[in-house]
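Data from data_13.cif: mmCIF, C-alpha atoms
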```
data_structure
#
loop_
_atom_site.label_atom_id
_atom_site.label_comp_id
_atom_site.auth_asym_id
_atom_site.auth_seq_id
_atom_site.Cartn_x
_atom_site.Cartn_y
_atom_site.Cartn_z
CA MET A 1 21.07 97.63 119.48
CA PRO A 2 23.57 100.11 120.94
CA ARG A 3 27.07 99.49 119.70
CA GLU A 4 29.49 98.31 122.37
CA ARG A 5 32.07 100.99 123.07
CA ASP A 6 34.01 99.62 126.00
CA PRO A 7 37.58 99.09 124.75
CA LEU A 8 37.93 96.05 127.02
CA VAL A 9 34.96 94.40 125.32
CA VAL A 10 35.81 95.46 121.79
CA GLY A 11 39.38 94.29 122.32
CA ARG A 12 37.94 90.99 123.64
CA VAL A 13 39.76 91.22 126.97
CA ILE A 14 36.30 90.79 128.38
CA GLY A 15 35.51 87.52 126.72
CA ASP A 16 38.93 85.95 126.44
CA VAL A 17 40.28 86.70 129.91
CA LEU A 18 37.60 88.24 132.09
CA ASP A 19 33.88 88.36 132.49
CA SER A 20 32.11 91.68 132.44
CA PHE A 21 32.83 93.73 135.55
CA THR A 22 32.36 97.22 136.96
CA ARG A 23 35.42 99.33 137.31
CA SER A 24 35.59 100.62 140.85
CA MET A 25 39.19 101.58 141.43
CA ASN A 26 41.89 103.59 139.77
CA LEU A 27 44.72 101.62 138.27
CA THR A 28 47.59 103.52 136.70
CA VAL A 29 50.34 101.57 134.96
CA SER A 30 53.34 103.47 133.62
CA TYR A 31 56.44 102.29 131.79
CA ASN A 32 59.13 104.98 131.95
CA ASP A 33 56.64 107.72 132.82
CA ARG A 34 54.45 106.75 129.89
CA GLU A 35 50.98 105.77 131.08
CA VAL A 36 49.41 102.67 129.57
CA SER A 37 45.99 103.27 128.09
CA ASN A 38 43.83 100.50 126.63
CA GLY A 39 45.02 99.25 123.30
CA CYS A 40 48.13 101.40 123.12
CA GLU A 41 51.17 99.78 121.56
CA LEU A 42 54.41 99.24 123.41
CA LYS A 43 57.56 97.61 122.12
CA PRO A 44 59.30 94.84 124.02
CA SER A 45 62.24 97.21 124.59
CA GLN A 46 59.88 99.63 126.34
CA VAL A 47 58.53 97.01 128.72
CA VAL A 48 61.72 95.23 129.69
CA ASN A 49 61.46 96.34 133.29
CA GLN A 50 58.42 96.16 135.50
CA PRO A 51 56.17 99.20 135.28
CA ARG A 52 55.19 101.57 138.00
CA VAL A 53 51.72 100.61 139.19
CA ASP A 54 49.67 102.97 141.35
CA ILE A 55 46.28 102.03 142.67
CA GLY A 56 43.48 104.15 144.10
CA GLY A 57 41.08 103.52 146.91
CA ASP A 58 41.26 105.19 150.32
CA ASP A 59 41.80 102.55 152.96
CA LEU A 60 45.36 101.40 153.59
CA ARG A 61 43.94 98.30 155.23
CA ALA A 62 42.39 97.10 151.96
CA PHE A 63 44.72 94.74 150.12
CA HIS A 64 44.82 94.04 146.40
CA THR A 65 46.19 91.51 143.95
CA LEU A 66 47.60 92.41 140.55
CA VAL A 67 48.22 90.03 137.66
CA LEU A 68 49.70 90.57 134.23
CA VAL A 69 48.74 87.96 131.66
CA ASP A 70 49.17 87.38 127.95
CA PRO A 71 46.10 85.64 126.50
CA ASP A 72 47.69 85.48 123.05
CA ALA A 73 50.64 83.25 123.82
CA PRO A 74 52.40 81.97 121.81
CA SER A 75 50.43 83.47 118.92
CA PRO A 76 47.01 85.12 118.74
CA SER A 77 45.97 82.80 115.91
CA ASP A 78 46.78 79.76 118.03
CA PRO A 79 46.89 80.80 121.71
CA ASN A 80 47.51 77.31 123.12
CA LEU A 81 49.42 78.73 126.11
CA ARG A 82 46.63 81.13 127.06
CA GLU A 83 47.12 82.78 129.47
CA TYR A 84 50.83 83.25 130.06
CA LEU A 85 51.44 84.71 133.52
CA HIS A 86 54.00 87.51 133.45
CA TRP A 87 53.61 88.98 136.94
CA LEU A 88 51.70 88.36 140.16
CA VAL A 89 51.77 90.74 143.11
CA THR A 90 49.58 90.43 146.19
CA ASP A 91 48.85 92.37 149.39
CA ILE A 92 49.06 95.77 147.74
CA PRO A 93 47.52 98.32 150.13
CA ALA A 94 45.03 100.77 148.61
CA THR A 95 46.44 104.21 147.71
CA THR A 96 49.90 102.68 147.23
CA GLY A 97 51.53 100.72 144.44
CA ALA A 98 52.84 97.34 143.35
CA ARG A 99 56.20 98.00 144.95
CA PHE A 100 54.47 97.88 148.34
CA GLY A 101 53.04 94.42 147.73
CA GLN A 102 54.35 90.84 147.76
CA GLU A 103 55.78 89.73 144.43
CA VAL A 104 54.61 86.12 144.20
CA VAL A 105 55.62 85.63 140.58
CA CYS A 106 58.36 87.98 139.43
CA TYR A 107 57.96 90.22 136.41
CA GLU A 108 58.94 88.54 133.17
CA SER A 109 59.24 90.96 130.29
CA PRO A 110 57.02 90.28 127.27
CA ARG A 111 58.87 88.94 124.23
CA PRO A 112 56.20 88.00 121.68
CA SER A 113 57.63 86.24 118.66
CA MET A 114 54.49 85.76 116.60
CA GLY A 115 51.59 88.13 116.12
CA ILE A 116 50.34 91.06 118.15
CA HIS A 117 49.71 90.14 121.77
CA ARG A 118 47.45 91.77 124.31
CA MET A 119 49.10 92.21 127.70
CA VAL A 120 46.43 92.53 130.35
CA PHE A 121 46.78 93.97 133.86
CA VAL A 122 44.00 92.94 136.21
CA LEU A 123 43.47 94.26 139.73
CA PHE A 124 41.45 92.43 142.38
CA ARG A 125 40.52 93.38 145.89
CA GLN A 126 41.40 90.77 148.49
CA LEU A 127 39.10 89.89 151.37
CA GLY A 128 42.00 90.36 153.70
CA ARG A 129 45.70 89.80 153.80
CA GLN A 130 46.23 86.34 152.41
CA THR A 131 48.82 83.86 151.35
CA VAL A 132 48.78 83.23 147.63
CA TYR A 133 50.77 80.37 146.19
CA ALA A 134 52.60 80.76 142.93
CA PRO A 135 51.40 78.39 140.23
CA GLY A 136 53.83 75.68 139.12
CA TRP A 137 54.37 77.31 135.74
CA ARG A 138 53.49 80.49 133.91
CA GLN A 139 51.69 79.08 130.90
CA ASN A 140 48.03 78.14 130.79
CA PHE A 141 47.24 80.30 133.77
CA ASN A 142 43.55 81.08 134.17
CA THR A 143 42.76 84.42 135.75
CA LYS A 144 39.11 83.56 136.38
CA ASP A 145 39.95 80.29 138.13
CA PHE A 146 42.69 81.98 140.12
CA ALA A 147 40.26 84.65 141.31
CA GLU A 148 37.77 82.00 142.33
CA LEU A 149 40.38 79.95 144.16
CA TYR A 150 41.41 82.91 146.32
CA ASN A 151 37.94 84.44 146.68
CA LEU A 152 38.96 87.59 144.88
CA GLY A 153 35.58 88.15 143.27
CA SER A 154 35.26 90.30 140.18
CA PRO A 155 38.12 92.52 139.08
CA VAL A 156 38.05 96.13 140.28
CA ALA A 157 40.13 97.44 137.39
CA ALA A 158 41.90 96.30 134.25
CA VAL A 159 44.00 97.83 131.50
CA TYR A 160 45.79 96.32 128.53
CA PHE A 161 48.34 97.20 125.87
CA ASN A 162 49.43 95.59 122.62
CA CYS A 163 52.91 94.25 122.06
CA GLN A 164 54.64 92.70 119.07
CA ARG A 165 58.14 91.77 118.04
CA GLU A 166 60.55 94.66 117.97
CA SER A 167 61.19 94.48 114.27
CA GLY A 168 57.47 94.90 113.67
CA PHE A 169 56.99 91.84 111.53
CA GLY A 170 55.11 90.07 114.29
CA GLY A 171 51.88 90.88 112.54
CA ARG A 172 52.72 89.35 109.20
CA ARG A 173 54.24 86.13 108.01
CA ARG A 174 55.98 86.94 104.77
CA MET B 1 31.93 100.30 110.36
CA LYS B 2 30.43 96.93 111.11
CA PRO B 3 29.50 96.43 114.77
CA MET B 4 31.79 94.06 116.61
CA ASP B 5 29.01 91.57 117.20
CA ASP B 6 28.43 91.29 113.48
CA ILE B 7 32.09 90.58 112.86
CA TRP B 8 32.16 87.82 115.47
CA ASN B 9 28.88 86.41 114.21
CA ASP B 10 30.36 86.26 110.74
CA ILE B 11 33.28 84.23 112.04
CA GLY B 12 30.94 81.98 114.00
CA SER B 13 28.68 81.42 111.03
CA LEU B 14 31.62 80.55 108.84
CA GLN B 15 32.21 77.39 110.82
CA SER B 16 28.89 75.93 109.80
CA PRO B 17 29.44 72.79 107.73
CA THR B 18 26.50 73.67 105.51
CA THR B 19 28.08 76.81 104.12
CA ASN B 20 29.76 76.47 100.76
CA PHE B 21 32.48 78.82 99.77
CA PHE B 22 34.14 77.37 96.72
CA PRO B 23 32.52 77.08 93.36
CA THR B 24 33.85 74.60 90.84
CA VAL B 25 36.41 76.59 88.96
CA HIS B 26 38.89 75.55 86.37
CA ARG B 27 42.19 77.14 86.90
CA PRO B 28 45.84 76.15 87.02
CA PRO B 29 46.80 74.16 90.12
CA ALA B 30 47.57 76.51 92.95
CA ASP B 31 51.22 76.80 93.81
CA ALA B 32 51.43 76.63 97.56
CA THR B 33 54.28 79.09 97.77
CA THR B 34 52.67 81.89 95.80
CA PHE B 35 50.19 84.24 97.33
CA LEU B 36 49.08 85.98 94.17
CA PRO B 37 45.41 85.59 93.36
CA PRO B 38 44.51 83.64 90.21
CA PRO B 39 43.82 85.67 87.04
CA PRO B 40 40.69 87.76 87.43
CA SER B 41 38.86 86.07 84.57
CA THR B 42 37.98 83.15 86.82
CA PRO B 43 35.93 83.72 89.94
CA THR B 44 38.20 83.99 92.96
CA MET B 45 37.56 83.96 96.65
CA LEU B 46 37.95 87.73 96.75
CA THR B 47 35.46 88.47 93.99
CA LEU B 48 32.94 86.12 95.49
CA LEU B 49 33.20 87.81 98.85
CA THR B 50 32.36 91.28 97.56
CA PRO B 51 28.75 92.16 96.87
CA THR B 52 27.83 91.88 93.19
CA ASN B 53 25.02 93.55 91.27
CA SER B 54 23.58 90.21 90.36
CA ALA B 55 23.17 89.27 94.01
CA HIS B 56 19.55 88.45 94.71
CA GLU B 57 18.34 90.55 97.60
CA ASP B 58 15.26 91.72 99.32
CA PRO B 59 14.98 95.29 98.01
CA ASN B 60 13.95 96.45 101.43
CA LYS B 61 17.05 95.12 103.10
CA ARG B 62 20.27 97.08 103.24
CA PRO B 63 22.87 95.08 101.28
CA LYS B 64 25.33 93.36 103.59
CA PRO B 65 28.86 92.43 102.50
CA ASN B 66 28.29 88.72 103.06
CA PRO B 67 29.14 86.12 100.43
CA PRO B 68 26.04 85.33 98.35
CA PRO B 69 24.94 81.68 98.26
CA LEU B 70 27.15 79.69 95.91
CA PRO B 71 26.39 76.74 93.70
CA ALA B 72 26.47 73.56 95.76
CA THR B 73 29.86 71.90 95.80
CA SER B 74 31.73 69.78 98.30
CA PRO B 75 33.02 72.17 100.97
CA PRO B 76 36.75 71.59 101.39
CA VAL B 77 36.50 72.31 105.10
CA HIS B 78 39.82 70.66 105.79
CA SER B 79 41.75 72.01 102.83
CA GLU B 80 44.81 74.10 103.34
CA LYS B 81 43.19 76.89 101.37
CA PHE B 82 40.14 76.95 103.59
CA ARG B 83 42.33 76.94 106.66
CA ARG B 84 44.27 79.92 105.34
CA LEU B 85 41.04 81.68 104.51
CA MET B 86 39.77 81.22 108.04
CA LYS B 87 43.03 82.30 109.58
CA ASN B 88 43.12 85.40 107.44
CA ARG B 89 39.55 86.26 108.34
CA GLU B 90 40.28 85.89 112.01
CA SER B 91 43.40 87.96 111.68
CA ALA B 92 41.49 90.67 109.86
CA ALA B 93 38.79 90.63 112.52
CA ARG B 94 41.41 90.97 115.27
CA SER B 95 42.95 93.85 113.39
CA ARG B 96 39.60 95.64 113.12
CA ALA B 97 38.93 94.97 116.80
CA ARG B 98 42.31 96.44 117.76
CA LYS B 99 41.66 99.53 115.73
CA GLN B 100 38.16 99.99 117.06
CA ALA B 101 39.13 99.42 120.69
CA ARG B 102 41.92 101.98 120.42
CA ALA B 103 39.57 104.48 118.82
CA TYR B 104 36.98 104.13 121.59
CA GLN B 105 39.63 104.42 124.28
CA LEU B 106 40.95 107.63 122.76
CA GLU B 107 37.42 109.02 122.41
CA GLN B 108 36.86 108.42 126.12
CA GLU B 109 40.11 110.15 126.97
CA VAL B 110 39.37 113.13 124.78
CA THR B 111 35.98 113.58 126.42
CA ARG B 112 37.49 113.31 129.86
CA LEU B 113 40.29 115.74 129.10
CA ALA B 114 37.98 118.25 127.44
CA LYS B 115 35.75 118.26 130.50
CA GLU B 116 38.72 118.65 132.83
CA ASN B 117 40.09 121.44 130.68
CA ALA B 118 36.78 123.30 130.72
CA LYS B 119 36.58 122.91 134.48
CA LEU B 120 40.12 124.15 135.01
CA LYS B 121 39.55 127.15 132.78
CA ARG B 122 36.40 127.98 134.69
CA LEU B 123 38.21 127.72 138.01
CA GLN B 124 41.00 129.91 136.74
CA LYS B 125 38.54 132.52 135.57
CA GLU B 126 36.82 132.55 138.94
CA ALA B 127 40.17 132.88 140.69
CA ASN B 128 41.04 135.92 138.53
CA VAL B 129 37.67 137.60 139.09
CA SER B 130 37.85 137.45 142.86
CA GLU B 131 41.16 139.26 143.09
CA VAL B 132 43.10 140.54 146.10
CA PRO B 133 40.87 143.08 147.99
CA LYS B 134 41.90 146.73 147.68
CA GLU B 135 42.70 147.31 151.34
CA SER B 136 45.57 144.86 151.50
CA ARG B 137 47.12 146.08 148.28
CA LEU B 138 50.09 148.36 148.62
CA HIS B 139 49.12 152.02 148.17
CA LYS B 140 50.10 155.40 149.44
CA SER B 141 48.70 156.17 152.88
CA LYS B 142 48.38 159.42 154.76
CA SER B 143 51.68 161.09 155.39
CA ALA B 144 52.70 161.85 158.97
CA PRO B 145 51.81 165.41 160.13
CA PHE B 146 55.24 166.24 161.49
#
```
Output the file's structure as structure tokens, nothing else.
Amino acid sequence: MPRERDPLVVGRVIGDVLDSFTRSMNLTVSYNDREVSNGCELKPSQVVNQPRVDIGGDDLRAFHTLVLVDPDAPSPSDPNLREYLHWLVTDIPATTGARFGQEVVCYESPRPSMGIHRMVFVLFRQLGRQTVYAPGWRQNFNTKDFAELYNLGSPVAAVYFNCQRESGFGGRRR
Amino acid sequence: MKPMDDIWNDIGSLQSPTTNFFPTVHRPPADATTFLPPPPSTPTMLTLLTPTNSAHEDPNKRPKPNPPPLPATSPPVHSEKFRRLMKNRESAARSRARKQARAYQLEQEVTRLAKENAKLKRLQKEANVSEVPKESRLHKSKSAPF
């Protein structure tokens, strides 16, 4: 049996947040000119402000939705707030970036207090320009249900990073 | 390294109520605040979890680091110790998954960058080979006859 080598599967992003999907668009997320690559570690101080998000594609008339969720809230060993919604931007035209879209839920900077959290960016293609309503609260968001509700289909791209408390003791209870 | 599926199967199989993990051991009552393992003379969770020479195995099978079957005792499925054991296992599995995912991501990037590098070098070489044609280069031409 061939060993799974997709970082999204091995890191259980596919499983805990998303179902298997085929990547079909470029998604580049950068915090202070540092590009996020799957599984890289960023400190809360490095992700205080919203990142620069550039998306690919070629048709300006194609609109996209971006979410940022934390499936490990409040702690990966007991994620009873899974998923915590940190950011929701819609109507992003292809070839542009998040700053060109509609910020439905504003960016809340990650501040994990317990454990090492995965912070997952997911990009969907919209059927057309559409009105998306912000959920009543950020916790217990469900990306799959949200995608179904707004007919977003499968994701077109996703990337995640790891984040823990600044002092670094998020991973151990001493 | 163990495949990810094996790791997750291990965790899944641990939740079976029929699996026994704790032998009857006689040792001083565990102090909840200490995390030191009991003296090595008595069997501990750690020693039981590593493969031993006395483990009965099919000689044809590759030995797997799974706990060998233990003498039947009442499984303290709800004990604090068992809970900690499970939490630690899950934490260890997440740690391995993090490490493995990062490694695979970096492998992908290295491959991609190496290919791009090779391509760019090739393009540069081709650009150097097909240099500016001689006629348009500056060179001395015929002097005027006057």
Taking only C-alpha atoms into account, what are the residues of chain B at most 9 Å from chain A, put as a list in words? Pro3, Met4, Asp5, Lys87, Glu90, Ser91, Arg94, Ala97, Arg98, Lys99, Gln100, Ala101, Arg102, Ala103, Tyr104, Gln105 and Leu106 of chain B
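Separating CA of Asp70 in chain A from CA of Val36 in chain A is a distance of 15.4 Å.
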Between CA of Val156 in chain A and CA of Pro74 in chain A, what is the distance, to one decimal in Å? 27.3 Å
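On the file presented, the PyMOL selection byres ((chain A and resi 122) around 7) picks out Leu66, Val67, Leu68, Val120, Phe121, Leu123, Phe124, Pro155, Ala157, Ala158 and Val159 of chain A.
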The residue from A:Leu60, A:Val29, A:Val53, A:Val17 with the smallest atom-to-atom distance to Leu85 in chain A, counting all atoms listed in the file, is A:Val17
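In this comparison, which uses all atoms listed in the file, the residue of A:Ala62, A:Pro112, A:Met119, A:Asp16 approaching Ser45 in chain A most closely is A:Pro112.
Put simply, CA of Tyr84 in chain A is 5.4 Å away from CA of Val69 in chain A.
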